[in-house]
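Participant: Please see the structure below; I have some questions.
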Amino acid sequence: MGGSIYFLFVSYLVLVGLVTEIGGSDSQPVLSGPDRAYLKSRVQFECQVSGLSSPLTYELRKDDGRLITTDVNTVLKFTVTEESEGKYYCRLNPGGQTSNTLQLQVVIPVQGVSLSSEPDPAIIYEGERLVLSCLVKKGSYLSFLWYHNKQEVTSQSKLYQLSENTLTVERAGEQHAGIYSCTASNQIEDSPRFSSSQNLNVYVEQYISAPRLTFTVFSIGSDVTANISCRLDRGSPPVIFHMLLNGVEMFEKQVSSLETWFLLPVSVGLNMGAAQCKAKKEIQQLISDSVNLEVVPVGGAVQVVVTYLHDVTAVVTAARLKCVPSRGTFPSFSWTLNHTSLPSVGEFHGLGQHGQILVITDITAASSGYYRCAVKDSFDNNSTWVESSEILIQNTDLVVMPMEVMAFVFCGFLLMVIIGGTFCVLWNINSKIEKSHNNQVNRSETIIDPGDTRAVVSHETQSIEMKTVVMEFQSDS
């Protein structure tokens with residue numbers, strides 16, 4: 001009996017001391033733990049309190065008071081669900097002291113990233129707007145990375161506008177074309193999650209330029225055929241080309257390039273009419289200037305136009321000869337020196353513009369002589385050569401007057417003109433003065449007294465002023 005009383009007494013003292021220790025302590029528990037956690041992951045918080053040595057129970061609660069878990073250890077663990085997001089605190093039992101609160105965000109791991117475009121498909125013309133969106137099936141608290149042609153797109157780039165999961169191009173250009181992709185990620189400490197989209201090819205179409213039509217001809221036997229070229233300087237294929245003759249559509253062809261050809265039989269010497277080329281895209285349709293589809297045979301006189309070339313010291317060093325036939329749509333040219341045919345490239349000469357121009361690069365004794373050009377139809381091997389007259393090109397050491405000398409001579413001539421003009425003006429003024437003086441002398445009058453025998457009568461021409469007086473008489477009747 002005495003032992004039982006002693007045990008009860010000791011227990012009472014311990015309990016009283018514990019309550020006193022807890023109730024009288026100013027220590028507040030401190031809760032620490034993560035601010036983010038993946039859904040369905042195990043997360044742990046730690047509730048620490050200093051100054052207490054008695055056994056305690058630690059309760060982890062949400063801010064609405066709901067109990068999440070409890071343990072006699074300071075480490076509190078639980079599995080994260082979608083309802084786990086919110087504020088948490090720990091509570092001591094016994095005692096009831098509460099800790100600080102912590103916010104926990106439930107992160108849903110990213111899954112199923114895809115890329116969409118507006119417009120769809122991602123085919124736009126220069127200057128149009130493009131919006132790409134990085135879509136996810138699942139995921140929260142995401143960050144996004146964009147790639148263009150495998151290069152990361154940064155917010156500092158002036159070519160794009162980045163906002164959350166979208167990439168925007170206000171006015172697309174050729175530089176915006178290429179392969180795009182995006183990556184969405186959850187960032188939680190050292191365990192990030194990533195999901196990337198498939199590549200999306202963006203096409204930026206160029207507006208087509210006006211087509212240009214040219215043509216050449218070739219012959220098979222006696223038949224002559226025009227090879228008509230329709231070409232664009234810029235644009236994005238595919239392109240649909242139409243060939244028109246006198247406004248009537250003759251051919252149509254879709255090609256994956258910027259040029260195509262049409263074959264059309266023609267008659268030499270006959271104007272077939274106005275040929276045009278039309279190029280079409282989804283939103284464009286342009287037509288070329290008209291070209292007369294006419295093959296004029298070579299004929300008439302052939303002339304050689306010579307232009308001498310000079311070095312910096314104004315010494316003649318080279319010559320340029322151009323062969324000009326009177327007519328002919330597709331001429332072929334040939335040159336001879338002293339009746340010897342010249343190749344396209346020689347020691348002292350070269351040919352240009354399909355042989356029409358002959359440039360003599362060095363006028364020496366070897367390159368001097370009589371030059372002649374001949375012209376024929378390029379498409380007809382049986383046509384006759386039409387020759388020009390011979391023209392003599394030789395080294396005469398011809399020196400062109402330097403510009404300084406020409407300027408000096410011109411200034412001297414100009415000075416002489418000024419002096420001569422001044423003299424003429426002064427002489428003309430002097431003549432007018434003398435003529436005016438003589439007129440005044442002629443207008444002076446000489447009064448002669450009939451009784452004065454000394455008077456001298458001048459035989460010079462005198463100016464006499466005459467007045468006519470009209471008088472009216474009234475009759476008495």
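Just so we're on the same page: first chain in the structure tokens is A, next is B, and so on; residues restart at 1 for each chain, and ligands are numbered from 1 in the order they show up.
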Just list the residues in range 88-246 of chain A DSSP gives strand (DSSP E) on the backbone, as a PyMOL selection string.

Facilitator: chain A and resi 88-93+102-107+111-118+123-125+130-138+142-148+151-153+161-163+166-169+178-186+193-196+200-205+212-220+223-231+239-245

Participant: Taking only residues of range 114-216 of chain A that have an atom at most 6 Å from an atom of range 227-250 of chain A, what is each one's shortest atom pair and its distance in Å to one decimal, using only C-alpha atoms, in chain and number order, as CSV?

Facilitator:
```
residue,atom,partner,partner_atom,distance
A:Glu205,CA,A:Ser236,CA,5.4
A:Gln206,CA,A:Gly235,CA,4.6
A:Tyr207,CA,A:Gly235,CA,5.1
A:Ile208,CA,A:Gly235,CA,3.9
A:Ser209,CA,A:Arg234,CA,5.6
A:Pro211,CA,A:Leu232,CA,4.8
A:Arg212,CA,A:Arg231,CA,5.3
A:Leu213,CA,A:Cys230,CA,4.9
A:Thr214,CA,A:Ser229,CA,5.3
A:Phe215,CA,A:Ile228,CA,4.3
A:Thr216,CA,A:Asn227,CA,5.2
```

Participant: Those residues with N, CA, C and O atoms, as a compact mmCIF listing (two decimals), in the first residue's frame please?

Facilitator:
```
# COMPACT_ATOMS: atom_id res chain seq x y z
N GLU A 205 6.22 32.14 -97.50
CA GLU A 205 6.20 32.27 -98.96
C GLU A 205 6.57 33.69 -99.38
O GLU A 205 6.14 34.66 -98.77
N GLN A 206 7.38 33.76 -100.45
CA GLN A 206 7.67 35.06 -101.05
C GLN A 206 6.60 35.38 -102.10
O GLN A 206 6.16 34.50 -102.85
N TYR A 207 6.21 36.64 -102.15
CA TYR A 207 5.34 37.07 -103.23
C TYR A 207 6.12 37.00 -104.54
O TYR A 207 7.30 37.33 -104.60
N ILE A 208 5.45 36.54 -105.59
CA ILE A 208 6.12 36.40 -106.87
C ILE A 208 6.26 37.76 -107.54
O ILE A 208 5.44 38.67 -107.35
N SER A 209 7.32 37.90 -108.31
CA SER A 209 7.52 39.09 -109.13
C SER A 209 6.83 38.90 -110.47
O SER A 209 6.39 37.80 -110.81
N PRO A 211 6.42 38.06 -114.17
CA PRO A 211 7.23 37.16 -115.02
C PRO A 211 7.86 37.91 -116.19
O PRO A 211 7.35 38.94 -116.64
N ARG A 212 8.97 37.37 -116.66
CA ARG A 212 9.65 37.90 -117.84
C ARG A 212 9.64 36.82 -118.92
O ARG A 212 9.93 35.66 -118.66
N LEU A 213 9.31 37.24 -120.14
CA LEU A 213 9.23 36.30 -121.26
C LEU A 213 10.36 36.59 -122.24
O LEU A 213 10.54 37.74 -122.67
N THR A 214 11.10 35.59 -122.59
CA THR A 214 12.11 35.64 -123.63
C THR A 214 11.98 34.38 -124.48
O THR A 214 11.37 33.39 -124.04
N PHE A 215 12.57 34.42 -125.66
CA PHE A 215 12.51 33.21 -126.48
C PHE A 215 13.73 33.11 -127.38
O PHE A 215 14.35 34.12 -127.74
N THR A 216 14.07 31.89 -127.68
CA THR A 216 15.08 31.57 -128.67
C THR A 216 14.44 30.61 -129.67
O THR A 216 13.31 30.13 -129.46
```

Participant: Which residue out of A:Arg42, A:His176, A:Arg327, A:Arg372 has the minimum interatomic distance to Ser341 in chain A when only C-alpha atoms are used?

Facilitator: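 That would be A:Arg372, the residue with the smallest distance to Ser341 in chain A.
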
Participant: Calculate how many Å separate CA of Leu200 in chain A from CA of Gly127 in chain A, rounding to one decimal.

Facilitator: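 For CA of Leu200 in chain A relative to CA of Gly127 in chain A, the distance reads 19.8 Å.
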
Participant: Please provide as an NGL selection string all residues within 8 Å of Asn292 in chain A, with the sequence filter that same-chain residues fewer than 3 positions apart are discarded (counting only C-alpha atoms).

Facilitator: :A and (271-275)

Participant: Quick one: of A:Leu351, A:Leu426, A:Val306, A:Leu415, who's nearest to Leu392 in chain A, counting only C-alpha atoms?

Facilitator: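 Of A:Leu351, A:Leu426, A:Val306, A:Leu415, the one nearest Leu392 in chain A is A:Val306, counting only C-alpha atoms.
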
Participant: Of the candidates A:Gln151, A:Ser288, A:Ser116, A:Ser133, which shows the shortest atom-to-atom distance to Gln276 in chain A, using only C-alpha atoms?

Facilitator: A:Ser288

Participant: Could you pull the residues within 8 Å of Lys376 in chain A, counting only C-alpha atoms, minus those fewer than 2 positions along the same chain, as a short mmCIF file (atom, residue, chain, number, x, y, z; two decimals) with N, CA, C and O atoms, in the first residue's frame?

Facilitator:
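Writing done, so here's around-v6.cif:
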```cif
data_model
loop_
_atom_site.label_atom_id
_atom_site.label_comp_id
_atom_site.auth_asym_id
_atom_site.auth_seq_id
_atom_site.Cartn_x
_atom_site.Cartn_y
_atom_site.Cartn_z
N VAL A 298 18.53 37.46 -140.88
CA VAL A 298 19.62 38.41 -141.04
C VAL A 298 19.64 38.91 -142.47
O VAL A 298 19.47 38.14 -143.43
N PRO A 331 21.14 36.66 -134.65
CA PRO A 331 22.35 36.60 -135.48
C PRO A 331 23.46 35.81 -134.82
O PRO A 331 23.55 35.70 -133.59
N SER A 332 24.31 35.26 -135.67
CA SER A 332 25.55 34.61 -135.25
C SER A 332 26.70 35.39 -135.88
O SER A 332 26.62 35.77 -137.06
N PHE A 333 27.78 35.65 -135.14
CA PHE A 333 28.84 36.54 -135.58
C PHE A 333 30.15 35.78 -135.79
O PHE A 333 30.43 34.79 -135.10
N ALA A 374 31.21 39.13 -140.01
CA ALA A 374 30.19 38.50 -140.85
C ALA A 374 29.06 38.01 -139.95
O ALA A 374 29.29 37.61 -138.81
N SER A 378 21.59 32.29 -136.61
CA SER A 378 22.18 31.29 -135.73
C SER A 378 21.42 29.97 -135.77
O SER A 378 22.00 28.92 -135.46
N SER A 383 22.17 29.10 -143.81
CA SER A 383 22.01 30.50 -144.20
C SER A 383 23.35 31.08 -144.65
O SER A 383 24.43 30.56 -144.34
N THR A 384 23.29 32.19 -145.39
CA THR A 384 24.47 32.81 -145.99
C THR A 384 25.03 33.88 -145.06
O THR A 384 24.29 34.64 -144.44
N TRP A 385 26.38 33.92 -145.00
CA TRP A 385 27.05 34.95 -144.22
C TRP A 385 26.94 36.29 -144.94
O TRP A 385 27.15 36.39 -146.14
N VAL A 386 26.59 37.34 -144.18
CA VAL A 386 26.57 38.71 -144.71
C VAL A 386 27.74 39.45 -144.08
O VAL A 386 27.82 39.57 -142.85
#
```

Participant: So what do you get for CA of Gly221 in chain A versus CA of Asp380 in chain A, distance-wise?

Facilitator: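 We find that CA of Gly221 in chain A and CA of Asp380 in chain A lie 9.0 Å from each other.
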
Participant: Write out as a ChimeraX atom specification all residues of range 57-197 of chain A that DSSP puts in helix (DSSP H, G or I) for this structure's backbone.

Facilitator: /A:82-84,174-176

Participant: Keeping only N, CA and C atoms, take the residues you just selected and write them out as a PDB file, in the first residue's frame.

Facilitator:
```
ATOM      1  N   GLU A  82      -4.036  16.026 -55.100  1.00  0.00           N
ATOM      2  CA  GLU A  82      -4.427  17.311 -55.674  1.00  0.00           C
ATOM      3  C   GLU A  82      -4.977  18.246 -54.610  1.00  0.00           C
ATOM      4  N   GLU A  83      -5.541  17.673 -53.508  1.00  0.00           N
ATOM      5  CA  GLU A  83      -6.082  18.496 -52.433  1.00  0.00           C
ATOM      6  C   GLU A  83      -5.014  18.948 -51.457  1.00  0.00           C
ATOM      7  N   SER A  84      -3.765  18.538 -51.698  1.00  0.00           N
ATOM      8  CA  SER A  84      -2.705  18.852 -50.730  1.00  0.00           C
ATOM      9  C   SER A  84      -2.219  20.289 -50.819  1.00  0.00           C
ATOM     10  N   GLU A 174      11.523  36.126 -94.582  1.00  0.00           N
ATOM     11  CA  GLU A 174      12.177  34.890 -94.998  1.00  0.00           C
ATOM     12  C   GLU A 174      12.983  34.275 -93.858  1.00  0.00           C
ATOM     13  N   GLN A 175      13.515  35.130 -92.963  1.00  0.00           N
ATOM     14  CA  GLN A 175      14.331  34.639 -91.859  1.00  0.00           C
ATOM     15  C   GLN A 175      13.525  33.873 -90.812  1.00  0.00           C
ATOM     16  N   HIS A 176      12.203  33.997 -90.854  1.00  0.00           N
ATOM     17  CA  HIS A 176      11.368  33.288 -89.882  1.00  0.00           C
ATOM     18  C   HIS A 176      11.009  31.873 -90.339  1.00  0.00           C
TER      19      HIS A 176
END
```

Participant: I need the residue nearest Gly300 in chain A from this list: A:Leu142, A:Ala319, A:Leu264, A:Val324. Use only C-alpha atoms for the distance.

Facilitator: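 Looking at the shortest contact to Gly300 in chain A, the residue is A:Val324.
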
Participant: How far is it from CA of Val43 in chain A to CA of Ser27 in chain A, in Å with one decimal?

Facilitator: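 According to the coordinates, CA of Val43 in chain A and CA of Ser27 in chain A are separated by 25.7 Å.
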
Participant: Tell me, as number ranges by chain, which residues lie within 12 Å of Ser191 in chain A, counting only C-alpha atoms; anything in the same chain fewer than 3 positions away does not count.

Facilitator: A: 36-38, 41, 107, 109, 185-188, 194

Participant: Emit the selected residues as a PDB file, in the first residue's frame, including all heavy atoms.

Facilitator:
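Saved as again_3.pdb:
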```pdb
ATOM      1  N   ARG A  36       7.183  23.218 -52.957  1.00  0.00           N
ATOM      2  CA  ARG A  36       6.559  22.540 -54.085  1.00  0.00           C
ATOM      3  C   ARG A  36       6.799  21.047 -53.973  1.00  0.00           C
ATOM      4  O   ARG A  36       7.839  20.610 -53.473  1.00  0.00           O
ATOM      5  CB  ARG A  36       7.122  23.029 -55.424  1.00  0.00           C
ATOM      6  CG  ARG A  36       6.688  24.430 -55.822  1.00  0.00           C
ATOM      7  CD  ARG A  36       7.197  24.770 -57.209  1.00  0.00           C
ATOM      8  NE  ARG A  36       6.761  26.080 -57.650  1.00  0.00           N
ATOM      9  CZ  ARG A  36       6.994  26.580 -58.846  1.00  0.00           C
ATOM     10  NH1 ARG A  36       7.679  25.856 -59.733  1.00  0.00           N
ATOM     11  NH2 ARG A  36       6.552  27.776 -59.183  1.00  0.00           N
ATOM     12  N   ALA A  37       5.832  20.297 -54.504  1.00  0.00           N
ATOM     13  CA  ALA A  37       5.985  18.844 -54.499  1.00  0.00           C
ATOM     14  C   ALA A  37       5.177  18.273 -55.655  1.00  0.00           C
ATOM     15  O   ALA A  37       4.093  18.794 -55.993  1.00  0.00           O
ATOM     16  CB  ALA A  37       5.517  18.241 -53.172  1.00  0.00           C
ATOM     17  N   TYR A  38       5.721  17.234 -56.283  1.00  0.00           N
ATOM     18  CA  TYR A  38       5.008  16.594 -57.387  1.00  0.00           C
ATOM     19  C   TYR A  38       3.792  15.829 -56.872  1.00  0.00           C
ATOM     20  O   TYR A  38       3.799  15.266 -55.762  1.00  0.00           O
ATOM     21  CB  TYR A  38       5.932  15.640 -58.130  1.00  0.00           C
ATOM     22  CG  TYR A  38       6.931  16.337 -59.018  1.00  0.00           C
ATOM     23  CD1 TYR A  38       8.296  16.190 -58.781  1.00  0.00           C
ATOM     24  CD2 TYR A  38       6.515  17.123 -60.088  1.00  0.00           C
ATOM     25  CE1 TYR A  38       9.224  16.818 -59.591  1.00  0.00           C
ATOM     26  CE2 TYR A  38       7.439  17.754 -60.899  1.00  0.00           C
ATOM     27  CZ  TYR A  38       8.785  17.604 -60.651  1.00  0.00           C
ATOM     28  OH  TYR A  38       9.696  18.231 -61.457  1.00  0.00           O
ATOM     29  N   SER A  41       3.767  12.222 -55.004  1.00  0.00           N
ATOM     30  CA  SER A  41       5.090  11.997 -54.414  1.00  0.00           C
ATOM     31  C   SER A  41       4.985  12.021 -52.886  1.00  0.00           C
ATOM     32  O   SER A  41       3.979  12.472 -52.328  1.00  0.00           O
ATOM     33  CB  SER A  41       6.077  13.072 -54.886  1.00  0.00           C
ATOM     34  OG  SER A  41       5.675  14.358 -54.411  1.00  0.00           O
ATOM     35  N   VAL A 107       2.570  20.282 -57.775  1.00  0.00           N
ATOM     36  CA  VAL A 107       3.008  20.369 -59.169  1.00  0.00           C
ATOM     37  C   VAL A 107       2.625  19.096 -59.895  1.00  0.00           C
ATOM     38  O   VAL A 107       3.042  17.999 -59.510  1.00  0.00           O
ATOM     39  CB  VAL A 107       4.528  20.607 -59.264  1.00  0.00           C
ATOM     40  CG1 VAL A 107       4.963  20.671 -60.718  1.00  0.00           C
ATOM     41  CG2 VAL A 107       4.906  21.884 -58.532  1.00  0.00           C
ATOM     42  N   PRO A 109       3.204  16.816 -62.918  1.00  0.00           N
ATOM     43  CA  PRO A 109       4.283  16.604 -63.886  1.00  0.00           C
ATOM     44  C   PRO A 109       3.790  16.818 -65.320  1.00  0.00           C
ATOM     45  O   PRO A 109       2.675  16.429 -65.686  1.00  0.00           O
ATOM     46  CB  PRO A 109       4.701  15.152 -63.656  1.00  0.00           C
ATOM     47  CG  PRO A 109       4.269  14.849 -62.262  1.00  0.00           C
ATOM     48  CD  PRO A 109       3.009  15.643 -62.052  1.00  0.00           C
ATOM     49  N   SER A 185       8.553  22.433 -69.045  1.00  0.00           N
ATOM     50  CA  SER A 185       9.239  21.797 -67.914  1.00  0.00           C
ATOM     51  C   SER A 185       8.649  22.249 -66.595  1.00  0.00           C
ATOM     52  O   SER A 185       8.095  23.352 -66.471  1.00  0.00           O
ATOM     53  CB  SER A 185      10.741  22.110 -67.947  1.00  0.00           C
ATOM     54  OG  SER A 185      10.956  23.505 -67.795  1.00  0.00           O
ATOM     55  N   ASN A 186       8.738  21.331 -65.572  1.00  0.00           N
ATOM     56  CA  ASN A 186       8.490  21.653 -64.179  1.00  0.00           C
ATOM     57  C   ASN A 186       9.851  21.747 -63.496  1.00  0.00           C
ATOM     58  O   ASN A 186      10.684  20.849 -63.645  1.00  0.00           O
ATOM     59  CB  ASN A 186       7.672  20.576 -63.473  1.00  0.00           C
ATOM     60  CG  ASN A 186       6.387  20.234 -64.216  1.00  0.00           C
ATOM     61  OD1 ASN A 186       6.254  19.139 -64.720  1.00  0.00           O
ATOM     62  ND2 ASN A 186       5.466  21.167 -64.279  1.00  0.00           N
ATOM     63  N   GLN A 187      10.053  22.805 -62.757  1.00  0.00           N
ATOM     64  CA  GLN A 187      11.335  22.978 -62.081  1.00  0.00           C
ATOM     65  C   GLN A 187      11.136  22.853 -60.571  1.00  0.00           C
ATOM     66  O   GLN A 187      10.615  23.753 -59.924  1.00  0.00           O
ATOM     67  CB  GLN A 187      11.933  24.348 -62.423  1.00  0.00           C
ATOM     68  CG  GLN A 187      12.212  24.559 -63.895  1.00  0.00           C
ATOM     69  CD  GLN A 187      13.380  23.716 -64.370  1.00  0.00           C
ATOM     70  OE1 GLN A 187      14.196  23.257 -63.580  1.00  0.00           O
ATOM     71  NE2 GLN A 187      13.465  23.493 -65.689  1.00  0.00           N
ATOM     72  N   ILE A 188      11.548  21.669 -59.999  1.00  0.00           N
ATOM     73  CA  ILE A 188      11.507  21.455 -58.552  1.00  0.00           C
ATOM     74  C   ILE A 188      12.891  21.030 -58.111  1.00  0.00           C
ATOM     75  O   ILE A 188      13.318  19.891 -58.349  1.00  0.00           O
ATOM     76  CB  ILE A 188      10.465  20.392 -58.161  1.00  0.00           C
ATOM     77  CG1 ILE A 188       9.065  20.868 -58.533  1.00  0.00           C
ATOM     78  CG2 ILE A 188      10.548  20.100 -56.662  1.00  0.00           C
ATOM     79  CD1 ILE A 188       7.977  19.911 -58.118  1.00  0.00           C
ATOM     80  N   PHE A 194      10.695  17.252 -67.968  1.00  0.00           N
ATOM     81  CA  PHE A 194      10.656  17.874 -69.278  1.00  0.00           C
ATOM     82  C   PHE A 194       9.753  17.085 -70.221  1.00  0.00           C
ATOM     83  O   PHE A 194       9.622  15.873 -70.092  1.00  0.00           O
ATOM     84  CB  PHE A 194      12.059  17.951 -69.900  1.00  0.00           C
ATOM     85  CG  PHE A 194      13.035  18.766 -69.119  1.00  0.00           C
ATOM     86  CD1 PHE A 194      13.868  18.174 -68.179  1.00  0.00           C
ATOM     87  CD2 PHE A 194      13.133  20.134 -69.330  1.00  0.00           C
ATOM     88  CE1 PHE A 194      14.767  18.919 -67.458  1.00  0.00           C
ATOM     89  CE2 PHE A 194      14.034  20.886 -68.617  1.00  0.00           C
ATOM     90  CZ  PHE A 194      14.859  20.281 -67.674  1.00  0.00           C
TER      91      PHE A 194
END
```
